[in-house]
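**Q** The following block contains the structure, expressed as structure tokens.
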Amino acid sequence: MKGNVSAILSADWHIRSDRPVCRTDDYMKAQMNKLQFIYNLSLQHLCPIIVAGDFGHRPVWGDKLLNWFMDFDFYKAKVVTIAGQHDLPNHRLDKWEEAGLGVLSKSMANFRVMTNDFNYDDKIQIHEFPYGKKIQGFTESARKINVALVHQMVIKSQDEKLWFDQKADHAKRLLRKFPCYDLIVSGDNHQSFTVEHEGRLLVNAGSLMRMSANQIDHKPSVYLWYAEDNTVKRVYLPIEEDVIDRSHIDIAKKRDGRIDSFVNRLNEAYDIDFNFEKNLEEFFTKNKVNDKTKEKIWESLECQ
């Protein structure tokens with residue numbers, strides 16, 4: 001690894017005020033500990049924090065959560081993010097300014113939501129592909145190093161699907177398809193992995209928090225990126241042991257065999273609330289559903 005750290009790579013923070021059903025600890029405190037750790041890391045290396053979408057868990061944060069986050073204030077560190085589906089009202093990219101991300105971008109000087117390509121310095125250019133905007137290549141770039149910041153489901157390999165009939169790009173396929181990018185930073189898949197192909201990298205940092213019982217073995221982390229030789233170093237975030245509870249899953253299995261079948265089919269890739277959204281997205285992909293109908297469905301879910 002050569003030179004200084006150019007950026008801290010992360011994804012899927014899912015900032016929220018409610019406690020996931022599987023957690024038994026003070027979840028707000030656990031989130032704050034992670035934020036403080038990443039913030040200190042940024043100050044130590046004098047580099048920005050890059051988040052590949054799903055910064056918040058829901059589009060509308062509410063005043064209490066917004067104030068909690070802004071009171072922390074990354075005033076000495078720059079945060080750069082794109083919108084994930086959890087950040088968008090009705091999953092509509094054109095509505096991001098009406099959501100929590102919009103408030104943060106207007107209220108915090110060092111908080112940037114990318115809506116176009118961003119020139120990090122005279123050598124590095126970041127290309128933005130938020131939820132709803134598929135990654136694509138380019139023909140010209142004034143920068144020597146090009147980074148794609150993407151929020152779309154990417155799996156480590158074609159043999160490692162999260163559920164048996166999942167439709168998703170795998171990392172090496174994206175690296176082969178888009179040789180114009182030296183680095184692809186992806187979000188949406190809550191697992192952590194890196195894949196290298198011909199000196200180019202894809203980094204899927206995984207989720208900041210353990211939000212479902214199946215993540216009991218997940219080790220939340222960020223990646224330090226060294227642009228000079230395009231390498232990364234994984235840094236594990238602080239966690240507490242024995243704060244994940246599976247009893248709600250065990251009760252559900254006993255109560256309803258159909259839930260058991262459903263969870264087994266998905267290999268417990270996500271908790272029930274995540275499964276439903278992923279299945280909806282998969283349904284929309286496989287079937288011709290018009291945009292107006294999809295918008296009504298997402299809107300009704302957000303009102304629950």
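In the structure tokens, chains take the letters A, B, ... in the order shown, each chain's residues start at 1, and ligands count up from 1 in the order shown.
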Write out as a list in words the residues lying within 7 Å of A:Arg234, counting only C-alpha atoms and excluding same-chain residues fewer than 4 positions away.
**A**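 Neighbouring residues, sequence-local ones excluded: Ser221, Val222, Tyr223 and Leu224 of chain A.
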**Q** In Å, with one decimal, what is the gap from atom CA of A:Ile82 to atom CA of A:Ala52?
**A**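 Answer for the atom CA of A:Ile82 to atom CA of A:Ala52 separation: 5.9 Å.
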**Q** Would you kindly return, as a CSV table (one decimal) with N, CA and C atoms, in the first residue's frame, each protein, DNA or RNA residue with an atom no farther than 9 Å from any atom of A:Gln85, considering only C-alpha atoms and excluding same-chain residues fewer than 2 positions away?
**A**
chain,number,residue,atom,x,y,z
A,53,GLY,N,-24.7,4.7,-0.6
A,53,GLY,CA,-26.2,4.6,-0.6
A,53,GLY,C,-26.8,4.0,0.7
A,54,ASP,N,-28.1,4.1,0.8
A,54,ASP,CA,-28.9,3.7,2.0
A,54,ASP,C,-28.2,4.3,3.2
A,58,ARG,N,-35.0,4.9,6.5
A,58,ARG,CA,-36.2,5.3,5.9
A,58,ARG,C,-36.1,6.7,5.2
A,59,PRO,N,-36.8,7.0,4.2
A,59,PRO,CA,-36.7,8.3,3.5
A,59,PRO,C,-36.9,9.5,4.5
A,83,ALA,N,-27.8,8.3,-3.1
A,83,ALA,CA,-29.1,7.8,-2.6
A,83,ALA,C,-29.3,6.3,-2.9
A,87,ASP,N,-33.4,5.6,1.0
A,87,ASP,CA,-33.3,7.1,1.1
A,87,ASP,C,-34.4,7.8,0.3
A,88,LEU,N,-35.1,7.1,-0.5
A,88,LEU,CA,-36.0,7.8,-1.5
A,88,LEU,C,-37.5,7.6,-1.2
A,89,PRO,N,-38.2,8.7,-1.2
A,89,PRO,CA,-39.7,8.5,-1.1
A,89,PRO,C,-40.2,7.8,-2.3
A,90,ASN,N,-41.0,6.7,-2.0
A,90,ASN,CA,-41.6,5.9,-3.1
A,90,ASN,C,-40.5,5.3,-4.0
A,91,HIS,N,-39.3,5.2,-3.6
A,91,HIS,CA,-38.2,4.8,-4.4
A,91,HIS,C,-37.9,5.6,-5.6
A,92,ARG,N,-38.3,6.9,-5.5
A,92,ARG,CA,-38.1,7.8,-6.7
A,92,ARG,C,-36.9,8.7,-6.5
A,93,LEU,N,-36.0,8.6,-7.4
A,93,LEU,CA,-34.7,9.3,-7.3
A,93,LEU,C,-35.0,10.8,-7.4
A,130,PRO,N,-26.7,6.3,-8.3
A,130,PRO,CA,-27.6,6.0,-7.2
A,130,PRO,C,-28.6,5.0,-7.5
A,131,TYR,N,-29.5,4.6,-6.6
A,131,TYR,CA,-30.5,3.7,-6.9
A,131,TYR,C,-31.4,4.2,-8.1
A,132,GLY,N,-31.7,3.3,-9.0
A,132,GLY,CA,-32.5,3.7,-10.2
A,132,GLY,C,-31.6,4.2,-11.4
A,151,HIS,N,-25.2,2.2,-6.2
A,151,HIS,CA,-26.1,1.5,-5.2
A,151,HIS,C,-27.0,0.6,-6.1
A,188,ASP,N,-25.9,-1.9,-1.1
A,188,ASP,CA,-27.1,-2.6,-1.1
A,188,ASP,C,-27.0,-4.0,-0.6
**Q** Given the choices A:Lys64, A:Lys34, A:Arg23, A:Lys78, which gets closest to A:Leu46 if the distance is worked out from only C-alpha atoms?
**A**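 Smallest distance to A:Leu46 is found for A:Lys78.
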